[in-house]
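Structure data follow from input-v5.cif (mmCIF, C-alpha atoms):
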data_entry
loop_
_atom_site.group_PDB
_atom_site.id
_atom_site.type_symbol
_atom_site.label_atom_id
_atom_site.label_comp_id
_atom_site.auth_asym_id
_atom_site.auth_seq_id
_atom_site.Cartn_x
_atom_site.Cartn_y
_atom_site.Cartn_z
ATOM 1 C CA MET F 165 116.587 79.363 109.608
ATOM 2 C CA SER F 166 114.350 78.046 106.871
ATOM 3 C CA GLU F 167 114.802 79.318 103.321
ATOM 4 C CA PHE F 168 111.044 79.997 103.220
ATOM 5 C CA ASP F 169 110.956 82.352 106.237
ATOM 6 C CA PHE F 170 109.436 85.313 104.392
ATOM 7 C CA LEU F 171 107.537 86.679 107.387
ATOM 8 C CA ARG F 172 110.694 87.730 109.234
ATOM 9 C CA ASP F 173 111.684 89.951 106.273
ATOM 10 C CA VAL F 174 108.248 91.513 105.718
ATOM 11 C CA THR F 175 108.154 94.641 107.873
ATOM 12 C CA VAL F 176 105.485 96.668 106.050
ATOM 13 C CA GLY F 177 102.350 97.029 108.140
ATOM 14 C CA GLN F 178 104.060 96.236 111.444
ATOM 15 C CA TYR F 179 104.028 98.612 114.409
ATOM 16 C CA LEU F 180 106.866 98.855 116.923
ATOM 17 C CA PRO F 181 105.752 100.482 120.209
ATOM 18 C CA GLY F 182 107.932 103.297 121.468
ATOM 19 C CA THR F 183 108.025 106.620 123.300
ATOM 20 C CA SER F 184 109.964 108.732 120.802
ATOM 21 C CA VAL F 185 108.747 112.057 119.445
ATOM 22 C CA THR F 186 107.858 110.365 116.163
ATOM 23 C CA HIS F 187 105.695 107.806 117.979
ATOM 24 C CA ARG F 188 103.862 110.524 119.911
ATOM 25 C CA MET F 189 103.166 112.770 116.929
ATOM 26 C CA ASP F 190 99.649 113.189 115.602
ATOM 27 C CA PRO F 191 98.987 110.830 112.648
ATOM 28 C CA ARG F 192 97.878 113.769 110.512
ATOM 29 C CA ALA F 193 101.190 115.530 111.120
ATOM 30 C CA LYS F 194 103.111 112.383 110.187
ATOM 31 C CA LEU F 195 101.148 111.954 106.969
ATOM 32 C CA VAL F 196 101.757 115.581 105.959
ATOM 33 C CA ALA F 197 105.444 115.201 106.839
ATOM 34 C CA LEU F 198 105.568 112.060 104.680
ATOM 35 C CA VAL F 199 104.156 113.961 101.698
ATOM 36 C CA LEU F 200 106.731 116.740 102.186
ATOM 37 C CA LEU F 201 109.601 114.243 102.401
ATOM 38 C CA ILE F 202 108.378 112.465 99.265
ATOM 39 C CA TRP F 203 108.409 115.840 97.507
ATOM 40 C CA ALA F 204 112.051 116.342 98.493
ATOM 41 C CA ILE F 205 113.037 112.778 97.562
ATOM 42 C CA THR F 206 111.535 113.005 94.089
ATOM 43 C CA SER F 207 112.970 116.471 93.387
ATOM 44 C CA VAL F 208 116.689 116.076 94.158
ATOM 45 C CA PRO F 209 118.526 114.963 90.972
ATOM 46 C CA THR F 210 122.175 114.846 92.147
ATOM 47 C CA TYR F 211 124.377 112.186 93.724
ATOM 48 C CA LEU F 212 125.345 114.330 96.705
ATOM 49 C CA GLY F 213 121.756 115.392 97.308
ATOM 50 C CA ASN F 214 120.587 111.778 97.419
ATOM 51 C CA VAL F 215 123.429 110.846 99.770
ATOM 52 C CA VAL F 216 122.274 113.631 102.100
ATOM 53 C CA LEU F 217 118.697 112.328 101.840
ATOM 54 C CA ILE F 218 119.748 108.769 102.677
ATOM 55 C CA LEU F 219 121.814 109.897 105.662
ATOM 56 C CA SER F 220 118.946 112.097 106.861
ATOM 57 C CA ILE F 221 116.458 109.233 106.667
ATOM 58 C CA LEU F 222 118.823 106.889 108.502
ATOM 59 C CA ALA F 223 119.192 109.580 111.191
ATOM 60 C CA LEU F 224 115.395 109.820 111.353
ATOM 61 C CA ILE F 225 115.173 106.064 111.926
ATOM 62 C CA VAL F 226 117.646 106.285 114.820
ATOM 63 C CA PHE F 227 115.902 109.397 116.204
ATOM 64 C CA SER F 228 112.588 107.508 116.163
ATOM 65 C CA GLY F 229 114.045 104.805 118.401
ATOM 66 C CA LEU F 230 113.723 102.113 115.740
ATOM 67 C CA PRO F 231 116.297 99.309 115.346
ATOM 68 C CA LEU F 232 118.209 100.253 112.200
ATOM 69 C CA GLY F 233 119.012 96.670 111.230
ATOM 70 C CA TYR F 234 115.401 95.593 111.543
ATOM 71 C CA VAL F 235 114.187 98.482 109.382
ATOM 72 C CA LEU F 236 116.811 97.801 106.710
ATOM 73 C CA ARG F 237 115.805 94.132 106.708
ATOM 74 C CA GLY F 238 112.526 95.176 105.108
ATOM 75 C CA ILE F 239 114.480 96.110 101.951
ATOM 76 C CA ARG F 240 115.695 92.538 101.453
ATOM 77 C CA PRO F 241 112.572 91.213 99.632
ATOM 78 C CA VAL F 242 112.729 94.022 97.048
ATOM 79 C CA LEU F 243 116.492 93.861 96.411
ATOM 80 C CA PRO F 244 116.075 91.643 93.296
ATOM 81 C CA VAL F 245 113.533 94.110 91.901
ATOM 82 C CA LEU F 246 115.881 97.044 92.562
ATOM 83 C CA ALA F 247 118.765 95.159 90.926
ATOM 84 C CA LEU F 248 116.740 94.387 87.796
ATOM 85 C CA PHE F 249 115.492 97.972 87.685
ATOM 86 C CA LEU F 250 119.085 99.260 87.872
ATOM 87 C CA ILE F 251 120.293 96.899 85.127
ATOM 88 C CA PHE F 252 117.471 97.786 82.722
ATOM 89 C CA GLN F 253 117.933 101.489 83.393
ATOM 90 C CA LEU F 254 121.644 101.269 82.678
ATOM 91 C CA LEU F 255 121.275 99.203 79.506
ATOM 92 C CA PHE F 256 118.347 100.943 77.853
ATOM 93 C CA ALA F 257 118.159 104.504 79.200
ATOM 94 C CA GLY F 258 121.306 105.468 77.287
ATOM 95 C CA ASN F 259 119.625 104.696 73.948
ATOM 96 C CA TYR F 260 117.041 107.416 74.634
ATOM 97 C CA ASP F 261 119.390 110.048 76.047
ATOM 98 C CA PRO F 262 118.837 113.284 74.087
ATOM 99 C CA SER F 263 121.447 115.322 75.960
ATOM 100 C CA GLY F 264 124.441 113.860 74.143
ATOM 101 C CA SER F 265 126.319 113.057 77.368
ATOM 102 C CA PRO F 266 129.635 111.136 77.194
ATOM 103 C CA VAL F 267 129.346 107.427 76.450
ATOM 104 C CA LEU F 268 130.836 105.278 79.217
ATOM 105 C CA TRP F 269 130.173 101.830 77.720
ATOM 106 C CA GLN F 270 128.617 100.539 74.525
ATOM 107 C CA ALA F 271 127.936 97.077 73.102
ATOM 108 C CA ARG F 272 126.196 95.842 69.962
ATOM 109 C CA PRO F 273 125.680 92.074 70.314
ATOM 110 C CA SER F 274 124.276 90.188 67.358
ATOM 111 C CA LEU F 275 121.951 87.241 67.908
ATOM 112 C CA GLY F 276 121.481 85.940 64.381
ATOM 113 C CA PRO F 277 119.019 88.219 62.585
ATOM 114 C CA LEU F 278 118.439 90.177 65.802
ATOM 115 C CA SER F 279 120.788 93.100 66.430
ATOM 116 C CA LEU F 280 120.819 94.775 69.847
ATOM 117 C CA SER F 281 122.403 97.958 71.112
ATOM 118 C CA PHE F 282 123.279 98.739 74.717
ATOM 119 C CA THR F 283 124.677 102.121 75.665
ATOM 120 C CA VAL F 284 125.581 103.454 79.098
ATOM 121 C CA THR F 285 126.091 107.212 79.185
ATOM 122 C CA GLU F 286 126.937 109.526 82.034
ATOM 123 C CA ALA F 287 123.342 110.768 82.091
ATOM 124 C CA SER F 288 121.853 107.253 82.101
ATOM 125 C CA LEU F 289 124.205 106.241 84.931
ATOM 126 C CA ARG F 290 123.129 109.260 86.959
ATOM 127 C CA LEU F 291 119.456 108.555 86.221
ATOM 128 C CA SER F 292 119.793 104.906 87.251
ATOM 129 C CA MET F 293 121.661 105.566 90.503
ATOM 130 C CA VAL F 294 119.363 108.433 91.495
ATOM 131 C CA SER F 295 116.254 106.348 90.717
ATOM 132 C CA VAL F 296 117.434 103.470 92.918
ATOM 133 C CA ALA F 297 118.337 105.914 95.709
ATOM 134 C CA ARG F 298 114.883 107.474 95.457
ATOM 135 C CA LEU F 299 113.163 104.092 95.698
ATOM 136 C CA PHE F 300 115.299 103.238 98.732
ATOM 137 C CA CYS F 301 114.405 106.530 100.435
ATOM 138 C CA LEU F 302 110.694 106.095 99.664
ATOM 139 C CA LEU F 303 110.701 102.608 101.190
ATOM 140 C CA MET F 304 112.527 103.855 104.272
ATOM 141 C CA VAL F 305 110.283 106.848 105.015
ATOM 142 C CA THR F 306 107.191 104.686 104.482
ATOM 143 C CA SER F 307 108.610 102.117 106.893
ATOM 144 C CA VAL F 308 109.211 104.824 109.507
ATOM 145 C CA LEU F 309 105.561 105.859 109.200
ATOM 146 C CA THR F 310 104.178 102.340 109.609
ATOM 147 C CA PHE F 311 106.622 101.414 112.397
ATOM 148 C CA THR F 312 105.719 104.446 114.512
ATOM 149 C CA THR F 313 101.970 104.640 113.818
ATOM 150 C CA THR F 314 99.295 102.085 114.543
ATOM 151 C CA THR F 315 96.974 101.003 111.760
ATOM 152 C CA THR F 316 94.081 102.626 113.616
ATOM 153 C CA GLY F 317 96.029 105.875 113.897
ATOM 154 C CA LEU F 318 96.799 105.877 110.178
ATOM 155 C CA THR F 319 93.146 105.252 109.397
ATOM 156 C CA HIS F 320 91.939 108.100 111.595
ATOM 157 C CA GLY F 321 94.655 110.462 110.337
ATOM 158 C CA LEU F 322 93.952 109.825 106.647
ATOM 159 C CA GLU F 323 90.209 110.100 107.200
ATOM 160 C CA ALA F 324 90.656 113.427 109.017
ATOM 161 C CA LEU F 325 92.858 114.804 106.218
ATOM 162 C CA LEU F 326 90.318 113.783 103.589
ATOM 163 C CA ALA F 327 87.340 115.138 105.566
ATOM 164 C CA PRO F 328 87.450 118.622 103.888
ATOM 165 C CA LEU F 329 86.925 116.855 100.542
ATOM 166 C CA ARG F 330 83.643 115.310 101.666
ATOM 167 C CA PRO F 331 81.520 117.951 99.828
ATOM 168 C CA LEU F 332 83.256 116.780 96.637
ATOM 169 C CA LYS F 333 81.981 113.235 97.249
ATOM 170 C CA VAL F 334 85.446 111.909 98.120
ATOM 171 C CA PRO F 335 84.917 108.775 100.278
ATOM 172 C CA GLY F 336 87.525 109.568 102.911
ATOM 173 C CA HIS F 337 86.402 106.937 105.408
ATOM 174 C CA GLU F 338 86.281 104.188 102.791
ATOM 175 C CA LEU F 339 89.737 105.083 101.431
ATOM 176 C CA ALA F 340 91.177 105.070 104.941
ATOM 177 C CA MET F 341 89.550 101.704 105.607
ATOM 178 C CA MET F 342 91.064 100.294 102.414
ATOM 179 C CA LEU F 343 94.523 101.476 103.520
ATOM 180 C CA ALA F 344 94.094 99.892 106.937
ATOM 181 C CA ILE F 345 92.971 96.575 105.453
ATOM 182 C CA ALA F 346 95.849 96.564 102.941
ATOM 183 C CA LEU F 347 98.458 97.182 105.644
ATOM 184 C CA ARG F 348 96.873 94.599 107.902
ATOM 185 C CA PHE F 349 96.915 91.877 105.254
ATOM 186 C CA VAL F 350 100.541 92.311 104.096
ATOM 187 C CA PRO F 351 101.986 90.113 106.914
ATOM 188 C CA THR F 352 99.054 87.714 106.502
ATOM 189 C CA LEU F 353 99.766 87.237 102.799
ATOM 190 C CA ALA F 354 103.465 86.743 103.515
ATOM 191 C CA GLU F 355 102.597 84.035 106.023
ATOM 192 C CA GLU F 356 100.239 82.426 103.506
ATOM 193 C CA LEU F 357 102.941 82.502 100.802
ATOM 194 C CA GLU F 358 105.392 80.868 103.183
ATOM 195 C CA ARG F 359 102.888 78.130 104.028
ATOM 196 C CA ILE F 360 102.103 77.431 100.348
ATOM 197 C CA MET F 361 105.778 77.243 99.344
ATOM 198 C CA LYS F 362 106.538 74.862 102.208
ATOM 199 C CA ALA F 363 103.616 72.686 101.130
ATOM 200 C CA GLN F 364 104.831 72.722 97.516
ATOM 201 C CA ALA F 365 108.380 71.874 98.599
ATOM 202 C CA SER F 366 107.114 68.937 100.676
ATOM 203 C CA ARG F 367 105.480 67.619 97.487
ATOM 204 C CA GLY F 368 108.751 67.788 95.539
ATOM 205 C CA ALA F 369 108.776 71.316 94.103
ATOM 206 C CA ASP F 370 112.312 72.622 93.517
ATOM 207 C CA PHE F 371 112.723 76.284 94.473
ATOM 208 C CA GLY F 372 116.511 76.248 94.235
ATOM 209 C CA GLY F 373 118.998 75.587 96.964
ATOM 210 C CA PRO F 374 121.753 77.667 98.555
ATOM 211 C CA GLY F 375 124.633 78.591 96.286
ATOM 212 C CA ARG F 376 122.520 78.525 93.131
ATOM 213 C CA LEU F 377 120.557 81.171 91.286
ATOM 214 C CA ARG F 378 117.488 80.613 93.416
ATOM 215 C CA PHE F 379 115.424 83.374 91.857
ATOM 216 C CA ILE F 380 115.492 81.573 88.471
ATOM 217 C CA GLN F 381 114.042 78.424 89.995
ATOM 218 C CA GLN F 382 111.517 80.430 92.011
ATOM 219 C CA THR F 383 110.389 82.211 88.840
ATOM 220 C CA ARG F 384 109.821 78.874 87.096
ATOM 221 C CA GLN F 385 107.771 77.662 90.075
ATOM 222 C CA LEU F 386 105.762 80.893 90.256
ATOM 223 C CA VAL F 387 102.518 79.581 88.746
ATOM 224 C CA PRO F 388 101.900 76.723 91.241
ATOM 225 C CA VAL F 389 102.499 79.233 94.055
ATOM 226 C CA VAL F 390 100.688 82.336 92.796
ATOM 227 C CA VAL F 391 97.468 80.548 91.826
ATOM 228 C CA PRO F 392 96.699 79.141 95.314
ATOM 229 C CA LEU F 393 97.851 82.446 96.844
ATOM 230 C CA PHE F 394 95.279 84.363 94.769
ATOM 231 C CA VAL F 395 92.598 81.822 95.631
ATOM 232 C CA SER F 396 93.378 82.167 99.329
ATOM 233 C CA THR F 397 93.413 85.975 99.037
ATOM 234 C CA PHE F 398 89.991 86.065 97.371
ATOM 235 C CA ARG F 399 88.630 83.685 99.997
ATOM 236 C CA ARG F 400 89.909 85.892 102.820
ATOM 237 C CA ALA F 401 88.466 88.973 101.114
ATOM 238 C CA GLU F 402 85.073 87.294 100.779
ATOM 239 C CA GLU F 403 85.126 86.270 104.447
ATOM 240 C CA LEU F 404 85.997 89.840 105.431
ATOM 241 C CA VAL F 405 83.132 91.239 103.353
ATOM 242 C CA LEU F 406 80.668 88.802 104.902
ATOM 243 C CA ALA F 407 81.907 89.656 108.399
ATOM 244 C CA MET F 408 81.539 93.395 107.774
ATOM 245 C CA GLU F 409 78.040 92.928 106.355
ATOM 246 C CA ALA F 410 77.048 90.773 109.339
ATOM 247 C CA ARG F 411 78.084 93.670 111.589
ATOM 248 C CA CYS F 412 75.975 96.100 109.529
ATOM 249 C CA TYR F 413 78.927 98.092 108.240
ATOM 250 C CA VAL F 414 77.673 100.843 105.926
ATOM 251 C CA GLY F 415 80.712 103.119 105.665
ATOM 252 C CA GLY F 416 81.469 106.264 107.606
ATOM 253 C CA ILE F 417 77.915 107.647 107.695
ATOM 254 C CA GLY F 418 76.879 108.340 111.272
ATOM 255 C CA ARG F 419 79.992 106.774 112.815
ATOM 256 C CA THR F 420 81.750 108.336 115.801
ATOM 257 C CA ARG F 421 85.299 107.873 117.122
ATOM 258 C CA LEU F 422 86.543 106.728 120.478
ATOM 259 C CA THR F 423 89.728 108.820 120.150
ATOM 260 C CA LEU F 424 89.718 112.421 118.959
ATOM 261 C CA LEU F 425 92.859 113.681 117.226
ATOM 262 C CA ARG F 426 94.333 116.937 118.477
ATOM 263 C CA MET F 427 97.364 118.735 117.077
ATOM 264 C CA ARG F 428 99.772 119.795 119.828
ATOM 265 C CA ARG F 429 102.661 122.241 119.835
ATOM 266 C CA MET F 430 105.114 119.377 119.324
ATOM 267 C CA ASP F 431 103.335 118.408 116.099
ATOM 268 C CA TRP F 432 103.497 121.917 114.685
ATOM 269 C CA VAL F 433 107.195 122.237 115.609
ATOM 270 C CA ALA F 434 107.959 118.879 113.951
ATOM 271 C CA LEU F 435 106.073 119.903 110.808
ATOM 272 C CA ALA F 436 107.964 123.212 110.712
ATOM 273 C CA CYS F 437 111.282 121.351 110.996
ATOM 274 C CA VAL F 438 110.350 118.961 108.181
ATOM 275 C CA ALA F 439 109.147 121.839 105.997
ATOM 276 C CA GLY F 440 112.396 123.755 106.611
ATOM 277 C CA TYR F 441 114.444 120.666 105.747
ATOM 278 C CA VAL F 442 112.482 120.114 102.528
ATOM 279 C CA VAL F 443 112.883 123.766 101.468
ATOM 280 C CA SER F 444 116.624 123.603 102.129
ATOM 281 C CA MET F 445 116.943 120.390 100.064
ATOM 282 C CA LEU F 446 115.077 122.026 97.188
ATOM 283 C CA LEU F 447 117.027 125.296 97.275
ATOM 284 C CA VAL F 448 120.591 124.141 97.981
ATOM 285 C CA PRO F 449 122.439 123.661 94.645
ATOM 286 C CA PHE F 450 124.288 120.395 95.196
ATOM 287 C CA PRO F 451 127.264 120.411 92.797
ATOM 288 C CA VAL F 452 127.417 116.690 92.044
#
Please express what this file holds, its structure, as structure tokens.
Amino acid sequence: MSEFDFLRDVTVGQYLPGTSVTHRMDPRAKLVALVLLIWAITSVPTYLGNVVLILSILALIVFSGLPLGYVLRGIRPVLPVLALFLIFQLLFAGNYDPSGSPVLWQARPSLGPLSLSFTVTEASLRLSMVSVARLFCLLMVTSVLTFTTTTTGLTHGLEALLAPLRPLKVPGHELAMMLAIALRFVPTLAEELERIMKAQASRGADFGGPGRLRFIQQTRQLVPVVVPLFVSTFRRAEELVLAMEARCYVGGIGRTRLTLLRMRRMDWVALACVAGYVVSMLLVPFPV
């Protein structure tokens, strides 16, 4: 396997066909369920509560008929970001902790005239671990939505949910179209990044080899990679705009749909189950 195979780890925007209940749910019901789950994820502040959330989301992935390993693979590209986020939270959140919680670790290194202070308290440790768990849960529930719903279904579902806001001049169709285009271009940009890095490596660029701190080398080589990636992205965006104008695209005015969305009993039952789960997560006093 090549060290530049980014596309195999980018799972956002991909759809895995299936026959599970989650696959057959109405897109509007799945979007509402996603909002409810995000509410629960961002409201549980304890270790035990977040463990229950993680286990519940993993059970949801299995219930949806999705390969657990493949879904978890989508976390790999953001692991360095999560690690840096955890380190900065641990080192600096303790300095702004007003609760006076017990200090677990403290260091005051001196770099010449510069004096630093790093403090890890019980509250900052809890905040850091809970924040990382929340980010993990948010990535997982979003992946479940994109894996079990086609891009067209997401577009129609979001547009239907935003339709009541049309008298307030909210461009529901345009927002849904932007979401669809963004999801569609995530794998395309990953493929373009892979192609650019392979081209740079063939010209002698050093992105770090196995067994070394590769991310340091990749950071140093970021400029010669990001610049052509942005140029390619703007070129693709311009081509898309020209193609839409050539097809006389003027937004959602006067447009009809081939498929009409209809909420079934299964959708209402699933929404009731998700709502009951969210209420229980908000009301149960987890001790730890």
Considering all atoms listed in the file, return as a PDB file with C-alpha atoms, keeping the file's coordinate frame whatever protein or nucleic-acid residues lie within 9 Å of Leu318 (chain F), sequence-local ones (same chain, fewer than 4 positions apart) excluded.
ATOM      1  CA  PRO F 191      98.987 110.830 112.648  1.00  0.00           C
ATOM      2  CA  ARG F 192      97.878 113.769 110.512  1.00  0.00           C
ATOM      3  CA  LEU F 195     101.148 111.954 106.969  1.00  0.00           C
ATOM      4  CA  LEU F 309     105.561 105.859 109.200  1.00  0.00           C
ATOM      5  CA  THR F 310     104.178 102.340 109.609  1.00  0.00           C
ATOM      6  CA  THR F 313     101.970 104.640 113.818  1.00  0.00           C
ATOM      7  CA  THR F 314      99.295 102.085 114.543  1.00  0.00           C
ATOM      8  CA  LEU F 322      93.952 109.825 106.647  1.00  0.00           C
ATOM      9  CA  GLU F 323      90.209 110.100 107.200  1.00  0.00           C
ATOM     10  CA  ALA F 340      91.177 105.070 104.941  1.00  0.00           C
ATOM     11  CA  LEU F 343      94.523 101.476 103.520  1.00  0.00           C
ATOM     12  CA  ALA F 344      94.094  99.892 106.937  1.00  0.00           C
TER      13      ALA F 344
END
Once 3 Å is added on each side, what centre and edge lengths in Å to one decimal does the axis-aligned box around all listed atoms of region 318-335 of chain F have, as AutoDock Vina command-line options?
--center_x 89.2 --center_y 111.9 --center_z 104.1 --size_x 21.3 --size_y 19.4 --size_z 21.0
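Matched in the shown structure by the PyMOL selection byres ((chain F and resi 431-435) around 7): Met189, Asp190, Ala193, Ala197, Met427, Arg428, Arg429, Met430, Ala436, Cys437, Val438 and Ala439 of chain F.
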Can you list, as a ChimeraX atom specification, the residues that the PyMOL selection byres ((chain F and resi 305) around 12) selects here?
-> /F:176,186,194-195,197-205,217-225,228,235-236,238-239,298-304,306-312
Gap from CA of Thr352 (chain F) to CA of Pro392 (chain F) - Å, one decimal | 14.3 Å
Please write as a list in words the full residue list that the PyMOL selection byres ((chain F and resi 293) around 10) yields on this file.
->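 So the PyMOL selection byres ((chain F and resi 293) around 10), applied here, picks out Pro209, Thr210, Tyr211, Asn214, Leu250, Gln253, Leu254, Ser288, Leu289, Arg290, Leu291, Ser292, Val294, Ser295, Val296, Ala297 and Arg298 of chain F.
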Would you write out those residues with C-alpha atoms, as a compact mmCIF listing (two decimals), in the frame of the given file?
# COMPACT_ATOMS: atom_id res chain seq x y z
CA PRO F 209 118.53 114.96 90.97
CA THR F 210 122.18 114.85 92.15
CA TYR F 211 124.38 112.19 93.72
CA ASN F 214 120.59 111.78 97.42
CA LEU F 250 119.08 99.26 87.87
CA GLN F 253 117.93 101.49 83.39
CA LEU F 254 121.64 101.27 82.68
CA SER F 288 121.85 107.25 82.10
CA LEU F 289 124.20 106.24 84.93
CA ARG F 290 123.13 109.26 86.96
CA LEU F 291 119.46 108.56 86.22
CA SER F 292 119.79 104.91 87.25
CA VAL F 294 119.36 108.43 91.50
CA SER F 295 116.25 106.35 90.72
CA VAL F 296 117.43 103.47 92.92
CA ALA F 297 118.34 105.91 95.71
CA ARG F 298 114.88 107.47 95.46
Gap from CA of Pro449 (chain F) to CA of Val196 (chain F) - Å, one decimal =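 Taking CA of Pro449 (chain F) as the start and CA of Val196 (chain F) as the end point, the length is 24.9 Å.
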Nearest to Ile345 (chain F) among F:Leu332, F:Leu255, F:Ala401, F:Ala363, with distances taken over all atoms listed in the file: which residue is it?
-> F:Ala401
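As for CA of Thr319 (chain F) and CA of Arg240 (chain F), they are spaced 27.1 Å apart.
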Shortest contact to Ile251 (chain F), candidates F:Arg367, F:Thr283, F:Pro231, F:Leu447, atoms counted only C-alpha atoms, goes to F:Thr283
Which residue of F:Ala365, F:Leu339, F:Val216, F:Ala247 approaches Tyr441 (chain F) most closely, using only C-alpha atoms = F:Val216
Which of F:Leu406, F:His187, F:Arg411, F:Ala354 sits closest to Leu393 (chain F) [using all atoms listed in the file] = F:Ala354
